[in-house]
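Chemist: Sharing upload04.cif (mmCIF, C-alpha atoms) below.
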```
data_data
loop_
_atom_site.label_atom_id
_atom_site.label_comp_id
_atom_site.auth_asym_id
_atom_site.auth_seq_id
_atom_site.Cartn_x
_atom_site.Cartn_y
_atom_site.Cartn_z
CA MET A 15 -29.12 103.08 119.93
CA PRO A 16 -32.70 104.29 120.05
CA ASP A 17 -33.92 106.23 117.03
CA ILE A 18 -34.40 109.65 118.62
CA ARG A 19 -35.86 112.28 116.36
CA ASN A 20 -36.94 115.12 118.60
CA GLU A 21 -35.24 117.47 120.97
CA ILE A 22 -37.28 116.53 124.05
CA ASP A 23 -36.59 112.85 123.71
CA MET A 24 -32.93 113.53 123.07
CA ASN A 25 -32.61 115.72 126.18
CA LYS A 26 -34.26 112.96 128.24
CA PHE A 27 -31.99 110.33 126.69
CA MET A 28 -28.92 112.41 127.42
CA SER A 29 -29.93 112.95 131.05
CA GLU A 30 -30.25 109.20 131.57
CA HIS A 31 -26.97 108.22 129.94
CA ALA A 32 -23.26 108.90 130.23
CA PHE A 33 -21.35 109.62 127.02
CA LEU A 34 -17.69 108.97 126.34
CA PHE A 35 -16.42 110.15 122.97
CA GLY A 36 -13.28 108.98 121.25
CA LYS A 37 -10.79 111.74 120.40
CA SER A 38 -10.54 110.80 116.74
CA ALA A 39 -13.81 112.42 115.72
CA PHE A 40 -14.18 113.92 112.28
CA PHE A 41 -16.70 115.70 110.11
CA HIS A 42 -18.29 113.39 107.55
CA ASP A 43 -16.70 113.49 104.07
CA GLU A 44 -19.98 114.40 102.39
CA SER A 45 -21.65 116.50 105.05
CA PRO A 46 -20.16 118.88 107.59
CA GLU A 47 -23.41 118.47 109.49
CA ILE A 48 -22.43 115.01 110.67
CA ILE A 49 -19.68 114.21 113.15
CA VAL A 50 -18.42 110.64 113.05
CA CYS A 51 -16.91 109.49 116.32
CA LYS A 52 -16.39 106.55 118.59
CA CYS A 53 -19.01 106.74 121.28
CA LYS A 54 -19.59 104.70 124.42
CA ILE A 55 -23.04 105.23 125.91
CA THR A 56 -23.84 103.85 129.34
CA ASN A 57 -27.19 103.88 131.09
CA ILE A 58 -26.59 105.79 134.36
CA ASN A 59 -29.21 103.83 136.31
CA THR A 60 -28.48 100.29 135.17
CA GLY A 61 -24.80 100.68 134.28
CA LYS A 62 -25.51 98.88 131.03
CA VAL A 63 -23.45 99.89 128.01
CA ILE A 64 -25.96 100.35 125.22
CA HIS A 65 -23.54 101.44 122.52
CA ASP A 66 -19.79 101.18 122.10
CA ASP A 67 -18.92 101.80 118.49
CA THR A 68 -18.78 104.42 115.77
CA TYR A 69 -21.66 106.84 115.93
CA GLU A 70 -22.83 109.52 113.52
CA VAL A 71 -24.04 112.59 115.37
CA HIS A 72 -26.27 114.73 113.17
CA ALA A 73 -26.41 118.46 113.76
CA PHE A 74 -30.16 118.58 113.32
CA LEU A 75 -32.96 116.40 114.55
CA ASN A 76 -34.85 117.02 111.35
CA ASP A 77 -35.99 113.61 110.26
CA TYR A 78 -39.57 113.96 111.27
CA LEU A 79 -39.70 117.71 110.89
CA VAL A 80 -39.69 117.51 107.14
CA HIS A 81 -42.17 117.90 104.42
CA SER A 82 -42.24 114.81 102.21
CA GLU A 83 -43.46 114.93 98.66
CA VAL A 84 -44.04 111.89 96.49
CA HIS A 85 -43.79 112.58 92.77
CA GLU A 86 -45.52 110.89 89.83
CA ASP A 87 -42.47 108.82 89.09
CA HIS A 88 -42.59 107.56 92.69
CA SER A 89 -39.49 109.48 93.64
CA VAL A 90 -39.58 111.21 97.01
CA THR A 91 -38.13 114.55 97.97
CA LYS A 92 -37.92 115.83 101.51
CA SER A 93 -37.49 119.41 102.62
CA PRO A 94 -37.51 120.91 106.12
CA SER A 95 -40.87 122.35 107.02
CA ASP A 96 -40.75 126.14 107.21
CA ASN A 97 -43.29 126.15 109.98
CA LEU A 98 -41.55 123.80 112.29
CA GLY A 99 -37.93 124.67 111.45
CA LEU A 100 -34.91 122.54 112.15
CA LYS A 101 -34.13 121.62 115.74
CA THR A 102 -30.53 121.45 116.73
CA ASN A 103 -29.46 118.16 118.18
CA PRO A 104 -28.28 118.71 121.79
CA LEU A 105 -25.89 115.78 121.42
CA TRP A 106 -24.14 117.72 118.65
CA TYR A 107 -23.25 120.50 121.11
CA ARG A 108 -22.12 117.91 123.63
CA VAL A 109 -19.74 116.35 121.15
CA LEU A 110 -18.39 119.76 120.12
CA LYS A 111 -17.90 120.68 123.78
CA ASP A 112 -16.30 117.40 124.86
CA ILE A 113 -13.94 116.94 121.93
CA GLY A 114 -13.55 120.52 120.77
CA LYS A 115 -14.40 121.86 117.34
CA ASP A 116 -10.77 122.65 116.58
CA ASN A 117 -9.73 119.09 117.39
CA ILE A 118 -12.45 117.68 115.15
CA THR A 119 -11.44 120.03 112.32
CA LYS A 120 -7.80 119.10 112.77
CA PHE A 121 -8.52 115.38 112.79
CA THR A 122 -10.77 115.75 109.74
CA GLU A 123 -7.90 117.38 107.83
CA GLU A 124 -5.40 114.77 108.96
CA ARG A 125 -7.76 111.97 107.98
CA ARG A 126 -8.36 113.54 104.57
CA LYS A 127 -4.61 113.80 103.95
CA ARG A 128 -4.04 110.26 105.16
CA HIS A 129 -6.70 108.92 102.83
CA ALA A 130 -5.35 110.96 99.93
CA SER A 131 -1.84 109.66 100.53
CA LYS A 132 -3.18 106.11 100.84
CA THR A 133 -4.92 106.49 97.50
CA ASN A 134 -1.76 107.96 96.03
CA LYS A 135 0.33 105.15 97.51
CA LYS A 136 -2.07 102.59 96.08
CA GLU A 137 -1.64 104.12 92.63
CA ILE A 138 2.15 104.19 92.99
CA ASP A 139 2.14 100.57 94.20
CA LYS A 140 0.03 99.61 91.21
CA ILE A 141 2.44 101.31 88.78
CA ARG A 142 5.40 99.68 90.52
CA GLU A 143 3.77 96.27 90.26
CA GLN A 144 3.23 96.85 86.56
CA GLN A 145 6.87 97.89 86.19
CA LYS A 146 8.01 94.85 88.14
CA GLY A 147 5.96 92.69 85.79
CA ARG A 148 7.49 94.41 82.77
CA SER A 149 10.97 94.01 84.22
CA LYS A 150 10.35 90.31 84.92
CA LYS A 151 9.15 89.80 81.34
CA LEU A 152 12.25 91.52 79.97
CA GLU A 153 14.49 89.35 82.11
CA GLU A 154 12.65 86.18 81.08
CA LEU A 155 12.86 87.11 77.42
CA PHE A 156 16.57 87.85 77.73
CA THR A 157 17.18 84.49 79.44
CA ALA A 158 15.17 82.69 76.78
CA LYS A 159 17.29 84.34 74.07
CA LEU A 160 20.48 83.18 75.75
CA GLU A 161 19.07 79.68 75.99
CA VAL A 162 18.24 79.78 72.29
CA PHE A 163 21.78 80.96 71.46
CA ASN A 164 23.03 77.99 73.46
CA ILE A 165 21.33 75.48 71.11
CA ASP A 166 24.02 73.84 68.96
CA ALA A 167 22.35 74.46 65.60
CA ILE A 168 21.77 78.12 66.49
CA LYS A 169 25.19 78.79 67.95
CA ASN A 170 26.80 77.30 64.83
CA SER A 171 24.60 79.29 62.49
CA LYS A 172 26.09 82.19 60.58
CA ASN A 173 22.67 83.39 59.43
CA LYS A 174 23.02 86.96 60.65
CA ILE A 175 19.52 87.97 59.56
CA LEU A 176 17.68 85.30 61.52
CA ARG A 177 20.03 85.57 64.49
CA GLY A 178 19.20 89.28 64.53
CA LYS A 179 15.47 88.54 64.33
CA ILE A 180 15.81 86.19 67.30
CA ARG A 181 17.71 88.78 69.29
CA ARG A 182 15.23 91.57 68.52
CA SER A 183 12.19 89.46 69.41
CA GLN A 184 9.84 91.36 71.66
CA THR A 185 7.89 88.37 72.92
CA ILE A 186 8.51 84.71 73.65
CA TYR A 187 6.19 83.79 70.76
CA GLU A 188 8.21 85.82 68.27
CA LEU A 189 11.38 84.30 69.67
CA ASN A 190 9.99 80.79 69.28
CA ALA A 191 8.87 81.47 65.72
CA TYR A 192 12.25 82.81 64.55
CA THR A 193 14.08 80.06 66.40
CA THR A 194 12.00 77.47 64.54
CA ILE A 195 12.63 79.16 61.19
CA LEU A 196 16.37 79.28 61.81
CA LEU A 197 16.45 75.64 62.89
CA MET A 198 14.61 74.68 59.70
CA GLU A 199 17.05 76.71 57.60
CA GLU A 200 19.98 75.03 59.29
CA MET A 201 18.41 71.57 58.74
CA LYS A 202 18.01 72.38 55.03
CA LEU A 203 21.66 73.41 54.85
CA ALA A 204 22.72 70.25 56.66
CA ASN A 205 20.80 68.10 54.15
CA MET B 19 42.89 109.73 64.22
CA PRO B 20 42.41 107.75 67.40
CA THR B 21 41.16 104.19 67.02
CA LYS B 22 37.72 103.57 68.48
CA GLY B 23 36.16 100.38 69.64
CA TYR B 24 34.11 98.47 72.15
CA VAL B 25 35.41 96.12 74.80
CA VAL B 26 33.22 93.30 76.12
CA ILE B 27 34.44 90.92 78.80
CA ALA B 28 33.05 87.49 79.67
CA SER B 29 34.65 85.37 82.34
CA THR B 30 33.74 82.99 85.17
CA LYS B 31 30.34 81.90 83.76
CA VAL B 32 28.96 80.65 80.45
CA PHE B 33 26.07 82.99 81.11
CA PHE B 34 28.37 85.97 80.63
CA TYR B 35 29.84 84.49 77.46
CA LEU B 36 26.41 83.93 75.90
CA SER B 37 25.35 87.40 77.05
CA ALA B 38 28.50 88.87 75.54
CA ILE B 39 27.79 87.24 72.16
CA ASN B 40 24.29 88.69 72.26
CA LEU B 41 25.64 92.10 73.24
CA ILE B 42 28.25 92.16 70.47
CA GLU B 43 25.66 91.29 67.83
CA SER B 44 23.44 94.06 69.15
CA ILE B 45 26.32 96.57 69.04
CA LYS B 46 27.02 95.65 65.44
CA GLU B 47 23.41 95.95 64.46
CA PHE B 48 23.16 99.54 65.67
CA ASP B 49 26.73 100.66 64.94
CA LYS B 50 27.66 99.24 61.54
CA ASN B 51 31.29 100.38 61.83
CA ALA B 52 31.80 99.04 65.34
CA GLN B 53 35.04 97.31 66.18
CA VAL B 54 34.60 94.97 69.11
CA THR B 55 37.13 93.06 71.15
CA LEU B 56 35.87 90.20 73.28
CA TYR B 57 37.96 89.18 76.28
CA THR B 58 36.89 85.75 77.42
CA GLU B 59 38.08 82.37 78.65
CA GLU B 60 39.17 79.83 76.05
CA ARG B 61 36.95 77.15 77.58
CA PHE B 62 33.81 79.12 76.66
CA LEU B 63 34.42 79.35 72.93
CA ASP B 64 31.57 77.64 71.11
CA GLY B 65 31.81 78.84 67.53
CA GLN B 66 29.86 82.06 68.04
CA GLU B 67 32.89 84.14 68.84
CA TRP B 68 33.14 85.13 65.17
CA VAL B 69 30.69 87.94 66.00
CA ALA B 70 33.62 89.82 67.57
CA ASP B 71 36.40 91.40 65.51
CA GLN B 72 39.02 90.27 67.94
CA VAL B 73 39.01 87.64 70.68
CA GLU B 74 41.54 87.69 73.49
CA PHE B 75 41.85 85.24 76.34
CA ILE B 76 41.60 86.25 79.93
CA ASP B 77 41.68 84.40 83.22
CA ASN B 78 38.79 82.98 85.22
CA HIS B 79 38.27 85.70 87.81
CA THR B 80 35.91 88.57 88.58
CA ARG B 81 38.91 90.91 88.25
CA ALA B 82 39.05 89.98 84.53
CA LYS B 83 36.75 92.88 83.74
CA LEU B 84 39.23 95.52 84.85
CA LYS B 85 42.14 93.70 83.26
CA GLY B 86 40.34 93.64 79.93
CA MET B 87 39.48 97.32 80.27
CA ALA B 88 43.13 98.18 80.89
CA LEU B 89 44.28 96.00 77.99
CA THR B 90 41.98 97.57 75.41
CA PRO B 91 43.50 97.76 71.93
CA TYR B 92 41.58 100.98 71.16
CA ASP B 93 42.52 104.61 71.87
CA HIS B 94 38.92 105.55 72.58
CA THR B 95 37.20 102.64 74.26
CA PHE B 96 33.64 102.05 75.28
CA TYR B 97 33.37 99.23 77.77
CA ILE B 98 29.95 97.60 78.30
CA ASP B 99 29.08 94.91 80.89
CA ALA B 100 28.40 91.61 79.14
CA ASP B 101 24.85 91.24 80.47
CA CYS B 102 23.67 94.24 78.48
CA GLU B 103 22.04 94.67 75.13
CA VAL B 104 22.17 97.64 72.78
CA VAL B 105 18.68 98.66 71.68
CA HIS B 106 19.11 102.03 69.95
CA ASN B 107 21.27 103.43 67.17
CA ASP B 108 22.45 106.35 69.31
CA ILE B 109 25.14 103.89 70.36
CA SER B 110 27.04 104.96 67.23
CA THR B 111 27.41 108.46 68.72
CA VAL B 112 28.99 107.30 71.95
CA PHE B 113 32.56 108.20 70.97
CA ASP B 114 31.46 111.81 70.47
CA LEU B 115 30.36 112.09 74.08
CA PHE B 116 33.67 112.73 75.87
CA ASP B 117 32.74 116.39 76.22
CA ASP B 118 36.26 117.31 77.35
CA ASN B 119 36.35 114.49 79.91
CA ASP B 120 38.96 111.77 80.19
CA ILE B 121 36.53 109.12 81.37
CA VAL B 122 32.73 109.06 81.25
CA PHE B 123 30.52 106.87 83.42
CA THR B 124 26.87 106.52 84.30
CA ALA B 125 25.86 107.53 87.81
CA LEU B 126 24.35 105.97 90.91
CA PRO B 127 22.07 108.84 91.94
CA ASP B 128 19.81 108.93 94.98
CA ASP B 129 16.59 108.64 93.00
CA ARG B 130 17.74 105.27 91.64
CA ALA B 131 19.24 104.02 94.91
CA TYR B 132 16.35 101.54 95.27
CA CYS B 133 17.96 99.55 92.47
CA PHE B 134 21.51 99.37 93.84
CA ALA B 135 22.70 96.71 96.24
CA GLN B 136 24.93 99.09 98.18
CA HIS B 137 25.03 102.83 97.80
CA TYR B 138 25.78 104.69 101.03
CA PHE B 139 28.51 103.99 103.56
CA PRO B 140 29.71 106.08 106.52
CA GLY B 141 32.67 107.49 104.60
CA GLY B 142 30.77 108.50 101.48
CA LYS B 143 28.55 107.32 98.70
CA LEU B 144 29.24 105.19 95.64
CA HIS B 145 28.31 107.61 92.90
CA LEU B 146 29.90 106.13 89.78
CA CYS B 147 28.63 102.97 88.14
CA GLY B 148 31.19 100.82 86.36
CA ALA B 149 28.72 99.00 84.12
CA VAL B 150 29.63 101.10 81.09
CA CYS B 151 32.67 103.33 80.70
CA LEU B 152 33.96 105.54 77.91
CA TYR B 153 37.67 106.28 78.28
CA ASP B 154 40.49 107.87 76.35
CA MET B 155 43.60 105.71 76.47
CA THR B 156 45.66 108.22 74.48
CA LYS B 157 46.02 110.13 77.74
CA PRO B 158 48.75 108.76 80.03
CA ILE B 159 46.73 109.61 83.14
CA VAL B 160 43.85 107.45 81.91
CA ARG B 161 46.17 104.55 81.14
CA GLU B 162 47.65 104.82 84.60
CA PHE B 163 44.20 105.11 86.15
CA MET B 164 42.91 101.99 84.40
CA ASN B 165 45.94 100.00 85.49
CA ASP B 166 45.67 101.31 89.05
CA TRP B 167 41.97 100.49 89.16
CA TYR B 168 42.81 96.94 88.11
CA ASP B 169 45.73 96.61 90.56
CA LEU B 170 43.84 98.08 93.50
CA THR B 171 40.81 95.87 92.84
CA VAL B 172 43.00 92.77 92.69
CA GLU B 173 44.46 93.72 96.08
CA GLN B 174 41.00 94.53 97.44
CA TYR B 175 39.45 91.24 96.27
CA ALA B 176 42.42 89.31 97.68
CA GLY B 177 42.01 91.01 101.06
CA ARG B 178 45.47 92.58 100.87
CA TRP B 179 44.25 96.17 100.72
CA TRP B 180 41.58 98.06 102.59
CA PRO B 181 41.44 101.53 104.19
CA GLU B 182 42.43 101.52 107.86
CA ASP B 183 39.23 103.05 109.18
CA ILE B 184 36.69 100.24 108.87
CA ASN B 185 34.08 102.39 110.60
CA LEU B 186 34.14 104.73 107.66
CA TYR B 187 34.75 102.02 105.09
CA PRO B 188 33.00 98.81 106.15
CA LYS B 189 34.57 95.64 104.83
CA ASN B 190 31.36 94.49 103.18
CA LEU B 191 32.08 97.04 100.45
CA SER B 192 35.14 95.08 99.40
CA ARG B 193 33.20 92.98 96.88
CA TRP B 194 32.54 96.03 94.69
CA ASP B 195 34.97 97.34 92.09
CA GLN B 196 32.98 100.56 92.46
CA PHE B 197 34.67 100.99 95.81
CA SER B 198 38.21 100.84 94.40
CA LEU B 199 36.95 103.25 91.75
CA TRP B 200 35.55 105.55 94.45
CA TRP B 201 38.82 105.40 96.36
CA LEU B 202 40.93 106.30 93.35
CA VAL B 203 38.63 109.15 92.32
CA ASN B 204 38.09 110.63 95.79
CA LYS B 205 41.07 109.71 97.94
CA THR B 206 44.01 109.45 95.59
CA PRO B 207 45.73 112.81 95.08
CA LYS B 208 47.37 111.93 91.78
CA TYR B 209 43.93 111.63 90.17
CA LYS B 210 42.54 114.92 91.42
CA ASP B 211 42.94 116.41 87.94
CA LEU B 212 41.46 113.44 86.13
CA LYS B 213 38.38 114.68 84.35
CA ILE B 214 35.52 112.32 85.05
CA GLY B 215 32.13 112.96 83.53
CA ILE B 216 28.65 111.49 83.62
CA PHE B 217 26.73 110.89 80.40
CA ASP B 218 23.89 113.32 79.80
CA ASP B 219 20.58 111.59 80.50
CA ASP B 220 22.84 108.83 81.78
CA SER B 221 20.24 106.21 82.67
CA ARG B 222 19.60 105.57 78.96
CA TRP B 223 23.21 104.43 78.63
CA ASN B 224 22.81 101.77 81.28
CA TYR B 225 19.14 101.10 81.87
CA TYR B 226 18.71 98.37 84.44
CA SER B 227 15.67 96.21 83.76
CA SER B 228 14.62 96.80 87.37
CA TYR B 229 14.58 100.59 86.92
CA ARG B 230 11.23 102.23 87.37
CA ALA B 231 9.99 104.14 84.36
CA GLY B 232 10.83 107.80 83.95
CA HIS B 233 14.55 108.01 84.67
CA ASN B 234 15.39 108.79 81.05
CA THR B 235 14.15 111.53 78.75
CA LEU B 236 15.48 110.09 75.47
CA PRO B 237 15.12 106.43 74.37
CA VAL B 238 17.12 103.77 76.15
CA VAL B 239 20.35 102.90 74.34
CA ILE B 240 21.67 100.09 76.54
CA GLN B 241 19.42 97.73 78.44
CA HIS B 242 21.09 96.05 81.42
CA TYR B 243 19.91 92.67 82.73
CA SER B 244 22.13 92.23 85.74
CA ALA B 245 19.16 91.60 88.03
CA LEU B 246 19.11 88.03 86.71
CA LYS B 247 19.19 85.48 89.44
CA SER B 248 21.92 82.89 89.77
CA GLY B 249 19.34 80.17 89.05
CA VAL B 250 19.03 81.51 85.55
CA GLN B 251 22.79 81.44 85.15
CA GLU B 252 22.84 77.83 86.33
CA SER B 253 20.15 76.90 83.83
CA LEU B 254 22.60 77.93 81.13
CA GLY B 255 24.96 75.16 82.06
CA VAL B 256 27.39 76.98 84.32
#
```
Taking this structure as input, can you express it in the form of structure tokens?

Modeler:
Amino acid sequence: MPDIRNEIDMNKFMSEHAFLFGKSAFFHDESPEIIVCKCKITNINTGKVIHDDTYEVHAFLNDYLVHSEVHEDHSVTKSPSDNLGLKTNPLWYRVLKDIGKDNITKFTEERRKRHASKTNKKEIDKIREQQKGRSKKLEELFTAKLEVFNIDAIKNSKNKILRGKIRRSQTIYELNAYTTILLMEEMKLAN
Amino acid sequence: MPTKGYVVIASTKVFFYLSAINLIESIKEFDKNAQVTLYTEERFLDGQEWVADQVEFIDNHTRAKLKGMALTPYDHTFYIDADCEVVHNDISTVFDLFDDNDIVFTALPDDRAYCFAQHYFPGGKLHLCGAVCLYDMTKPIVREFMNDWYDLTVEQYAGRWWPEDINLYPKNLSRWDQFSLWWLVNKTPKYKDLKIGIFDDDSRWNYYSSYRAGHNTLPVVIQHYSALKSGVQESLGV
């Protein structure tokens, strides 16, 4: 796409090309002065497709009609020149006419909701994954406890305190530690 | 004064026996006065059965659960599936929770349906969960109900009983004792006056490890591990 910054050039460009806009156009999230749409642009004379992709149509052709100011800290601010004013981009009107402002507004809303629900779904999925992980850990710990209670020295032990400690273990490490202590106690008793 | 006690049943797999031992110890930790009867198979006994107050033998079959429930030696009985663990001392209040009901269950509500293997069927919805059950055997209707639940489930598992309309009641439901329970509660006229209740904040009385957070408002009392895969059971020497 050529970088067209004035109304005359844009009018000329539009007269030489055919435009086909996708229906799913929407106003940009951060600026209602930009329409984002699929756009196929074909040169009428040569038949060559010069653009067939997403295109941001700005409402104003203001890029060169601005007053630039460079500050001491090297930052730059730009503001539209009062003398020249902002020129409306003719392509903007074409997009509004071809797709319809209501359609663009509607699609913008739908897209916003879809994105919000995607974000929400992502968060829910994340929580569910965490819960699945927690559930898996609980199951693994429970299984490990049963395996411990299936060890001969443990199953024959009447040491209620340490058996209770094993059962109440919250992690595998705690379980291992109390299992070891109980096994040692049982070995002492056996000796 | 009615006698009160817990019934735990472990049959068919060592896994359930070891789970039952763990469960009984957890009951006794949080309810110091608990009386517990363990129904199990003689072949499983490994020296740990002393944790129960009473041990009774039962046959090697999935129907053993309902037989043990019907045989309970206690007037007021709280049955808990073997693969559970008590984790809160509110367990000691369970016998105060009849609230004028004859039998109290936990529920299978829609918002937890993601966790249940089978919930809806054309003829209805399984809405009672048999994983824990508080029941009053001093009432003849409850005794009869428990025996009928056992008898009907035996017939169902053996393929000798099933409702005629298989469009409404698909045969794949026949593996669930919840279905025989559903049938008795919903389709058996003699039990229309049986008072069946659901525990308040019921998920805490049977909290499946695969439950998502937020189903309970008060702390979990009974953690349920039935999502364990058969591989785990095999690793325990079944």

Chemist: Would you mind reading off the distance between atom CA of Ile159 of chain B and atom CA of Trp223 of chain B, one decimal, in Å?

Modeler: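 Atom CA of Trp223 of chain B lies 24.5 Å from atom CA of Ile159 of chain B.
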
Chemist: Since I can't run it myself right now, could you work out what the PyMOL selection byres ((chain B) within 6 of (chain A)) selects here and report it as a PDB file with C-alpha atoms, in the frame of the given file?

Modeler:
```pdb
ATOM      1  CA  LEU B  36      26.410  83.930  75.900  1.00  0.00           C
ATOM      2  CA  GLY B  65      31.810  78.840  67.530  1.00  0.00           C
ATOM      3  CA  GLN B  66      29.860  82.060  68.040  1.00  0.00           C
ATOM      4  CA  SER B 227      15.670  96.210  83.760  1.00  0.00           C
ATOM      5  CA  SER B 228      14.620  96.800  87.370  1.00  0.00           C
TER       6      SER B 228
END
```

Chemist: For atom CA of Tyr57 of chain B and atom CA of Phe116 of chain B, quote the distance in Å rounded to one decimal.

Modeler: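 If I compute the distance from atom CA of Tyr57 of chain B to atom CA of Phe116 of chain B, I get 23.9 Å.
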
Chemist: How would you write, as a list in words, the residues chosen by the PyMOL selection byres ((chain A and resi 38) around 8) on this structure?

Modeler: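 This file gives the following for the PyMOL selection byres ((chain A and resi 38) around 8): Gly36, Lys37, Ala39, Phe40, Cys51, Lys52, Ile118 and Phe121 of chain A.
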
Chemist: Find the residues around Cys147 of chain B up to 8 Å (only C-alpha atoms counted), leave out those fewer than 3 positions away in its own chain, and share them as a ChimeraX atom specification.

Modeler: /B:123-126,144,150,196

Chemist: Which residues are close to Trp167 of chain B, i.e. within 8 Å by only C-alpha atoms, leaving aside same-chain residues fewer than 5 positions away? Reply as a PyMOL selection string.

Modeler: chain B and resi 84+198-199+202

Chemist: Could you work out how far atom CA of Glu44 of chain A lies from atom CA of Asn25 of chain A, giving the answer in Å with one decimal?

Modeler: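 Atom-to-atom, atom CA of Asn25 of chain A to atom CA of Glu44 of chain A, that is 27.0 Å.
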
Chemist: Quick one: apply the PyMOL selection byres ((chain A and resi 107) around 12) to the file and drop the selected residues here as a list of chain:residue names.

Modeler: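 This file gives the following for the PyMOL selection byres ((chain A and resi 107) around 12): A:Asn25, A:Met28, A:Glu47, A:Ile48, A:Ile49, A:Val71, A:His72, A:Ala73, A:Phe74, A:Thr102, A:Asn103, A:Pro104, A:Leu105, A:Trp106, A:Arg108, A:Val109, A:Leu110, A:Lys111, A:Asp112, A:Ile113, A:Gly114, A:Lys115.
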